[in-house]
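J.: What follows is target-v9.txt, made up of compact mmCIF, C-alpha atoms:
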# COMPACT_ATOMS: atom_id res chain seq x y z
CA MET A 11 43.73 27.59 42.39
CA ARG A 12 47.21 29.15 42.27
CA PRO A 13 49.37 28.23 45.30
CA SER A 14 50.80 30.94 47.52
CA THR A 15 54.23 32.40 46.81
CA LEU A 16 55.66 30.72 49.90
CA ALA A 17 54.26 27.34 48.87
CA ILE A 18 55.72 27.75 45.37
CA TRP A 19 59.23 28.43 46.65
CA LEU A 20 59.05 25.74 49.31
CA ASP A 21 58.15 23.25 46.61
CA ALA A 22 60.91 24.57 44.33
CA ALA A 23 63.44 24.01 47.13
CA ARG A 24 62.43 20.31 47.09
CA PRO A 25 62.29 19.81 50.86
CA LYS A 26 62.27 16.01 50.54
CA THR A 27 65.88 16.12 49.32
CA LEU A 28 67.17 18.47 52.03
CA PRO A 29 67.58 15.84 54.77
CA LEU A 30 70.37 14.31 52.68
CA ALA A 31 72.42 17.47 53.15
CA VAL A 32 71.58 17.48 56.85
CA THR A 33 72.69 13.89 57.45
CA SER A 34 76.06 14.40 55.76
CA ILE A 35 76.91 17.27 58.12
CA LEU A 36 75.53 15.55 61.19
CA SER A 37 77.38 12.33 60.37
CA GLY A 38 80.71 14.14 60.24
CA SER A 39 79.92 15.93 63.49
CA ALA A 40 78.86 12.66 65.15
CA VAL A 41 82.16 10.97 64.28
CA ALA A 42 84.01 13.97 65.70
CA ALA A 43 81.83 13.86 68.83
CA SER A 44 82.67 10.17 69.31
CA GLN A 45 86.27 11.34 69.75
CA GLY A 46 85.28 13.93 72.33
CA ILE A 47 85.39 16.93 69.96
CA LEU A 48 82.30 18.86 68.92
CA SER A 49 81.72 22.53 68.11
CA TRP A 50 78.06 23.45 67.92
CA SER A 51 78.81 26.69 66.07
CA ILE A 52 80.78 24.87 63.36
CA SER A 53 78.08 22.21 63.06
CA LEU A 54 75.35 24.86 62.76
CA MET A 55 77.13 26.94 60.12
CA ALA A 56 78.13 23.83 58.15
CA LEU A 57 74.51 22.72 58.26
CA VAL A 58 73.18 26.07 57.02
CA THR A 59 75.78 26.17 54.24
CA ALA A 60 74.99 22.61 53.12
CA LEU A 61 71.26 23.34 53.03
CA LEU A 62 71.79 26.50 50.98
CA LEU A 63 73.99 24.58 48.52
CA GLN A 64 71.35 21.86 48.18
CA ILE A 65 68.60 24.43 47.56
CA LEU A 66 70.86 26.18 45.03
CA SER A 67 71.34 22.89 43.21
CA ASN A 68 67.60 22.20 43.21
CA LEU A 69 66.73 25.67 41.87
CA ALA A 70 69.44 25.45 39.22
CA ASN A 71 68.16 22.02 38.22
CA ASP A 72 64.67 23.47 37.81
CA TYR A 73 66.09 26.27 35.66
CA GLY A 74 68.41 24.11 33.55
CA ASP A 75 65.92 21.34 32.82
CA ALA A 76 63.24 23.90 31.92
CA ILE A 77 65.50 25.62 29.39
CA LYS A 78 66.54 22.33 27.82
CA GLY A 79 62.97 21.03 27.65
CA THR A 80 63.64 18.04 29.88
CA ASP A 81 60.82 19.05 32.23
CA ASN A 82 57.89 18.32 29.93
CA ALA A 83 54.49 16.67 29.92
CA THR A 84 55.91 13.16 29.41
CA ARG A 85 58.13 13.30 32.50
CA ILE A 86 56.90 11.03 35.29
CA GLY A 87 58.22 13.03 38.25
CA PRO A 88 56.47 15.93 40.02
CA MET A 89 55.93 19.17 38.10
CA ARG A 90 58.63 21.78 38.72
CA ALA A 91 58.24 25.49 39.43
CA ILE A 92 59.12 26.83 35.96
CA GLN A 93 57.42 23.95 34.16
CA SER A 94 54.17 24.67 36.00
CA GLY A 95 54.31 28.36 35.06
CA ASN A 96 54.40 29.46 38.70
CA VAL A 97 57.92 30.90 38.36
CA SER A 98 59.39 32.68 35.34
CA LEU A 99 62.93 32.17 34.07
CA THR A 100 63.81 35.74 35.09
CA THR A 101 62.49 35.26 38.61
CA MET A 102 64.37 31.98 38.96
CA ARG A 103 67.62 33.66 37.86
CA ARG A 104 67.12 36.28 40.57
CA ALA A 105 66.46 33.55 43.13
CA LEU A 106 69.67 31.81 42.07
CA MET A 107 71.69 35.00 42.51
CA LEU A 108 70.17 35.59 45.96
CA ASN A 109 70.91 32.01 46.95
CA ILE A 110 74.53 32.31 45.77
CA GLY A 111 74.95 35.44 47.90
CA LEU A 112 73.52 33.73 50.98
CA THR A 113 75.70 30.67 50.40
CA LEU A 114 78.85 32.78 50.08
CA PHE A 115 78.01 34.61 53.31
CA SER A 116 77.24 31.39 55.19
CA GLY A 117 80.29 29.57 53.83
CA GLY A 118 82.53 32.54 54.61
CA SER A 119 81.20 32.64 58.16
CA LEU A 120 81.89 28.92 58.54
CA ILE A 121 85.48 29.34 57.38
CA ALA A 122 85.97 32.33 59.70
CA ILE A 123 84.76 30.27 62.68
CA ALA A 124 86.48 26.96 61.88
CA CYS A 125 89.74 27.77 60.10
CA GLN A 126 92.85 29.44 61.53
CA GLN A 127 95.62 28.20 59.24
CA PRO A 128 96.00 30.07 55.91
CA THR A 129 96.17 26.78 54.03
CA ASP A 130 92.83 25.67 55.53
CA ILE A 131 91.24 29.02 54.71
CA ILE A 132 92.37 28.89 51.09
CA SER A 133 91.48 25.22 50.70
CA PHE A 134 87.94 25.59 52.01
CA LEU A 135 87.39 28.79 50.03
CA LEU A 136 88.28 26.87 46.88
CA LEU A 137 86.09 23.94 47.91
CA GLY A 138 83.21 26.31 48.56
CA VAL A 139 83.51 27.93 45.15
CA MET A 140 83.73 24.48 43.56
CA ALA A 141 80.57 23.42 45.39
CA ILE A 142 78.67 26.49 44.16
CA VAL A 143 79.85 25.96 40.57
CA ALA A 144 78.97 22.26 40.77
CA ALA A 145 75.49 23.03 42.11
CA ILE A 146 74.77 25.33 39.16
CA THR A 147 76.45 23.47 36.30
CA TYR A 148 74.72 20.18 37.06
CA THR A 149 72.05 21.11 34.51
CA VAL A 150 72.88 24.74 33.55
CA GLY A 151 75.24 25.70 30.72
CA ASN A 152 76.22 24.37 27.33
CA LYS A 153 77.76 21.17 28.72
CA PRO A 154 76.12 20.41 32.07
CA TYR A 155 77.76 17.42 33.69
CA GLY A 156 74.41 16.03 34.82
CA TYR A 157 73.61 15.46 31.15
CA ARG A 158 76.84 13.49 30.71
CA GLY A 159 76.38 10.88 33.41
CA LEU A 160 78.57 12.55 36.06
CA GLY A 161 75.86 13.47 38.53
CA ASP A 162 76.38 10.33 40.62
CA LEU A 163 80.06 11.11 41.17
CA SER A 164 79.22 14.68 42.15
CA VAL A 165 76.66 13.52 44.72
CA LEU A 166 79.17 11.05 46.19
CA MET A 167 81.76 13.81 46.47
CA PHE A 168 79.58 16.53 47.98
CA PHE A 169 77.10 14.50 50.06
CA GLY A 170 79.73 12.01 51.13
CA TRP A 171 83.40 12.87 51.07
CA LEU A 172 83.15 16.65 51.41
CA GLY A 173 80.02 16.73 53.56
CA VAL A 174 81.07 14.10 56.10
CA ALA A 175 84.89 14.15 55.98
CA GLY A 176 84.98 17.93 55.47
CA THR A 177 82.80 18.54 58.52
CA TYR A 178 84.94 16.15 60.54
CA TYR A 179 88.08 18.04 59.50
CA LEU A 180 86.57 21.40 60.43
CA GLN A 181 85.71 20.00 63.87
CA VAL A 182 88.98 18.25 64.79
CA GLY A 183 91.55 20.02 62.59
CA HIS A 184 92.89 16.93 60.87
CA ILE A 185 91.61 14.06 58.76
CA ASP A 186 91.50 10.39 59.76
CA SER A 187 91.63 8.11 56.73
CA LEU A 188 88.99 5.83 58.29
CA VAL A 189 86.45 8.66 58.17
CA ILE A 190 86.35 8.10 54.42
CA LEU A 191 84.38 4.91 55.10
CA PRO A 192 81.28 6.49 56.70
CA ALA A 193 81.66 9.42 54.30
CA THR A 194 81.48 7.00 51.37
CA ALA A 195 78.54 5.15 52.93
CA CYS A 196 76.59 8.37 53.39
CA GLY A 197 77.44 9.44 49.85
CA LEU A 198 76.40 6.10 48.32
CA LEU A 199 72.97 6.33 49.96
CA ALA A 200 72.56 9.85 48.55
CA VAL A 201 73.57 8.54 45.11
CA GLY A 202 70.83 5.94 45.56
CA VAL A 203 68.25 8.74 45.82
CA LEU A 204 69.56 10.29 42.60
CA ASN A 205 69.57 6.91 40.88
CA ILE A 206 65.90 6.29 41.71
CA ASN A 207 65.11 9.72 40.27
CA ASN A 208 67.06 8.93 37.10
CA LEU A 209 65.59 5.44 36.71
CA ARG A 210 62.11 6.90 37.08
CA ASP A 211 62.75 9.49 34.35
CA ILE A 212 64.94 7.28 32.16
CA ASP A 213 62.71 7.28 29.06
CA ASN A 214 62.12 11.02 29.03
CA ASP A 215 65.78 11.78 29.81
CA ARG A 216 66.91 9.57 26.94
CA ALA A 217 64.49 11.26 24.55
CA CYS A 218 65.74 14.71 25.63
CA GLY A 219 69.42 13.82 25.34
CA LYS A 220 70.04 13.81 29.09
CA GLN A 221 72.59 11.02 29.35
CA THR A 222 72.39 10.25 33.06
CA LEU A 223 74.24 7.20 34.31
CA ALA A 224 70.91 5.36 34.43
CA VAL A 225 70.38 6.14 30.75
CA ARG A 226 73.89 4.95 29.93
CA LEU A 227 73.47 1.74 31.91
CA GLY A 228 69.92 0.99 30.82
CA PRO A 229 66.98 0.00 33.05
CA GLU A 230 68.19 -3.49 34.03
CA ARG A 231 71.79 -2.63 34.82
CA GLY A 232 70.60 0.61 36.42
CA ARG A 233 68.57 -1.44 38.92
CA GLN A 234 71.55 -3.73 39.53
CA TYR A 235 73.67 -0.64 40.12
CA HIS A 236 71.13 0.52 42.70
CA VAL A 237 71.53 -2.70 44.68
CA ILE A 238 75.32 -2.27 44.55
CA LEU A 239 74.99 1.24 45.98
CA LEU A 240 72.98 -0.04 48.94
CA ALA A 241 75.31 -2.97 49.55
CA GLY A 242 78.34 -0.69 49.29
CA ALA A 243 76.96 1.60 51.99
CA ILE A 244 76.44 -1.33 54.36
CA VAL A 245 79.95 -2.64 53.69
CA CYS A 246 81.55 0.76 54.32
CA TYR A 247 79.72 1.28 57.61
CA SER A 248 80.58 -2.29 58.67
CA LEU A 249 84.27 -1.85 57.87
CA PHE A 250 84.37 1.39 59.87
CA ALA A 251 82.75 -0.28 62.87
CA ALA A 252 85.11 -3.26 62.66
CA LEU A 253 88.31 -1.27 62.12
CA THR A 254 87.60 1.24 64.89
CA LEU A 255 86.72 -1.57 67.32
CA GLN A 256 83.44 0.08 68.30
CA ALA A 257 81.21 -1.29 71.04
CA TRP A 258 77.92 -2.81 69.94
CA LEU A 259 76.40 0.66 69.67
CA GLY A 260 78.79 1.28 66.77
CA TRP A 261 76.86 -1.39 64.87
CA LEU A 262 73.47 0.19 65.49
CA PHE A 263 73.15 1.06 61.78
CA LEU A 264 72.55 -2.65 61.08
CA ALA A 265 68.98 -2.16 62.31
CA GLY A 266 68.35 -0.30 59.05
CA VAL A 267 69.61 -3.14 56.85
CA PRO A 268 66.25 -4.99 56.56
CA LEU A 269 64.63 -1.85 55.12
CA LEU A 270 67.54 -1.41 52.68
CA VAL A 271 67.27 -5.05 51.60
CA ARG A 272 63.52 -4.78 51.07
CA HIS A 273 63.91 -1.57 49.11
CA GLY A 274 66.69 -3.04 46.97
CA ARG A 275 64.55 -6.05 46.17
CA ASP A 276 61.59 -3.86 45.18
CA VAL A 277 63.74 -1.72 42.90
CA TYR A 278 65.39 -4.77 41.31
CA GLN A 279 61.98 -6.31 40.59
CA ALA A 280 60.38 -3.10 39.26
CA THR A 281 59.02 -3.71 35.79
CA ASN A 282 58.69 -0.12 34.57
CA ALA A 283 59.62 3.46 35.37
CA SER A 284 56.20 4.31 36.82
CA ALA A 285 56.60 1.57 39.43
CA LEU A 286 59.67 3.39 40.73
CA ARG A 287 57.88 6.67 41.46
CA PRO A 288 56.80 5.83 45.05
CA MET A 289 60.22 4.34 45.77
CA MET A 290 61.87 7.77 45.87
CA GLY A 291 60.35 8.44 49.28
CA THR A 292 61.33 4.96 50.44
CA MET A 293 64.96 5.52 49.40
CA VAL A 294 65.09 8.81 51.27
CA ARG A 295 63.70 7.10 54.38
CA CYS A 296 66.25 4.28 54.01
CA ALA A 297 69.09 6.79 53.85
CA LEU A 298 67.80 8.81 56.80
CA LEU A 299 67.21 5.74 58.97
CA THR A 300 70.57 4.11 58.26
CA ASN A 301 72.55 7.34 58.63
CA GLY A 302 70.54 8.32 61.68
CA LEU A 303 71.24 5.00 63.39
CA PHE A 304 74.93 5.36 62.58
CA MET A 305 75.00 8.87 64.06
CA THR A 306 73.14 7.72 67.17
CA GLY A 307 75.65 4.95 67.67
CA MET A 308 78.55 7.38 67.33
CA LEU A 309 77.05 9.71 69.90
CA LEU A 310 76.35 6.92 72.39
CA VAL A 311 79.42 4.76 71.93
Render the structure in this file as structure tokens.

T.:
Amino acid sequence: MRPSTLAIWLDAARPKTLPLAVTSILSGSAVAASQGILSWSISLMALVTALLLQILSNLANDYGDAIKGTDNATRIGPMRAIQSGNVSLTTMRRALMLNIGLTLFSGGSLIAIACQQPTDIISFLLLGVMAIVAAITYTVGNKPYGYRGLGDLSVLMFFGWLGVAGTYYLQVGHIDSLVILPATACGLLAVGVLNINNLRDIDNDRACGKQTLAVRLGPERGRQYHVILLAGAIVCYSLFAALTLQAWLGWLFLAGVPLLVRHGRDVYQATNASALRPMMGTMVRCALLTNGLFMTGMLLV
């Protein structure tokens, strides 16, 4: 039975990945709030813009992988919109153009609300255009960077440094170098989600010429790399809490460490790609719990 149009597009948006965009914006806002500065309008528009960029990236990924044949019958992950035949290439291109228009409008509104200085306006306009280009060229084009092992760096930049530190800057009007620590932690956890995805699809990606970092590292080192990502996030959050002399509530994120440790152990001990499939959801929950505890601590400290 063919799913409804709404269900098709909801699935194409990949709702399970969207909380990662949400946490990056909320983390930056929480750090700003801990310093007594918080604009709800800036937080809301930043959140809408981040969600639209994430959906744009997901739709473009569906389109790019379908064209290149990476989404095929041997792939372990869930079937995508174009691969399933529910959405045509033409329809997906139209959806991408609509999404770009909405993102430009939302991002422009955010800049209008948050930026007064010409240098800030120009800087964030350029960053916005870069984010849109990065969302599309991850898998679309003749030389998509996602096929060259650069996806992890992009996720760290946009879900970590730009998402968290950028939101903080828009709230307070300046950047504190220490904010890079929670921004990096948030980004590393998002990279962990991508890494699970790439480890799961490593055999099919290799066969299709998609040289993700997991493919370049290989299964064993890719699992070791995953553990490093988790440990790096814990270290960054811990350094931030220590250097800012937070009260015990600033260490609330440590309550999520047991789940991260358990997940890291399960990934490290996974014997094949299929065993990693259910761990995608676990990694998302790990990221949401740890980031959520950090944000809660920042709001209560």

J.: Pick out the residues sitting within 12 Å of stretch 108-115 of chain A, and hand them over as a ChimeraX atom specification; count all atoms listed in the file, and ignore anything fewer than 2 positions along from it in its own chain.

T.: /A:23,55-70,101-106,117-122,134-143,145-146

J.: Point out the residue among A:Val41, A:Ala144, A:Leu239, A:Ala22 with the least atom-to-atom distance to A:Asp72, counting all atoms listed in the file.

T.: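 So, comparing all the options, the nearest one is A:Ala22.
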
J.: Excluding same-chain residues fewer than 5 positions from stretch 159-173 of chain A, what lies within 6 Å of it counting all atoms listed in the file, as a PyMOL selection string?

T.: chain A and resi 34-35+193-194+196-197+201+221-223

J.: A:Val245, A:Leu54, A:Ala17, A:Val150: which is nearest A:Thr80, counting all atoms listed in the file?

T.: A:Val150

J.: Can you tell me, as a PDB file with C-alpha atoms, keeping the file's coordinate frame, what residues are no more than 10 Å from A:Ala83 when counting all atoms listed in the file, ignoring any on the same chain fewer than 6 positions away?

T.:
ATOM      1  CA  MET A  89      55.930  19.170  38.100  1.00  0.00           C
ATOM      2  CA  GLN A  93      57.420  23.950  34.160  1.00  0.00           C
ATOM      3  CA  ASN A 214      62.120  11.020  29.030  1.00  0.00           C
TER       4      ASN A 214
END

J.: Suppose you want the space between atom CA of A:Gln279 and atom CA of A:Arg233; what is it in Å?

T.: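 One can read the atom CA of A:Gln279 to atom CA of A:Arg233 distance as 8.4 Å.
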
J.: So what do you get for atom CA of A:Ile52 versus atom CA of A:Met305, distance-wise?

T.: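 Separation of atom CA of A:Ile52 and atom CA of A:Met305: 17.0 Å.
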
J.: Give me, as a list in words, all polymer residues having an atom no more than 9 Å from A:Arg210, counting all atoms listed in the file and skipping those fewer than 6 positions away in the same chain.

T.: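 The neighbour list is Arg85, Ile86, Gly87, Asn282, Ala283, Ser284, Ala285, Leu286, Arg287 and Met290 of chain A.
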
J.: As a list in words, please: the residues near A:Cys125 (cut-off 10 Å, all atoms listed in the file, same-chain neighbours under 6 positions excluded).

T.: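 So the residues in contact are Ile52, Ile131, Ile132, Ser133, Phe134, Tyr179, Leu180, Gln181 and Gly183 of chain A.
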
J.: Restricting the calculation to only C-alpha atoms: of A:Ser187, A:Thr300, A:Ser44, A:Thr149, which residue gets closest to A:Ala76?

T.: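 Comparing A:Ser187, A:Thr300, A:Ser44, A:Thr149 against A:Ala76, the winner is A:Thr149.
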
J.: Between atom CA of A:Ser37 and atom CA of A:Cys246, measure the distance and give it in Å to one decimal.

T.: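 So the two atoms, atom CA of A:Ser37 and atom CA of A:Cys246, lie 13.7 Å apart.
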
J.: When you count only C-alpha atoms, which of these residues is closest to A:Tyr247: A:Ala43, A:Leu188, A:Val32, A:Val97?

T.: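 Looking only at the distances to A:Tyr247, the closest residue turns out to be A:Leu188.
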
J.: Which residue, A:Phe304, A:Phe263, A:Trp258, A:Tyr235, has the smallest gap to A:Tyr278 when you use all atoms listed in the file?

T.: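 The shortest atom-to-atom distance to A:Tyr278 comes from A:Tyr235.
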
J.: Nearest to A:Ala257: which of A:Leu310, A:Ala243, A:Leu20, A:Met293 is it, counting all atoms listed in the file?

T.: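 Counting all atoms listed in the file, the residue closest to A:Ala257 is A:Leu310.
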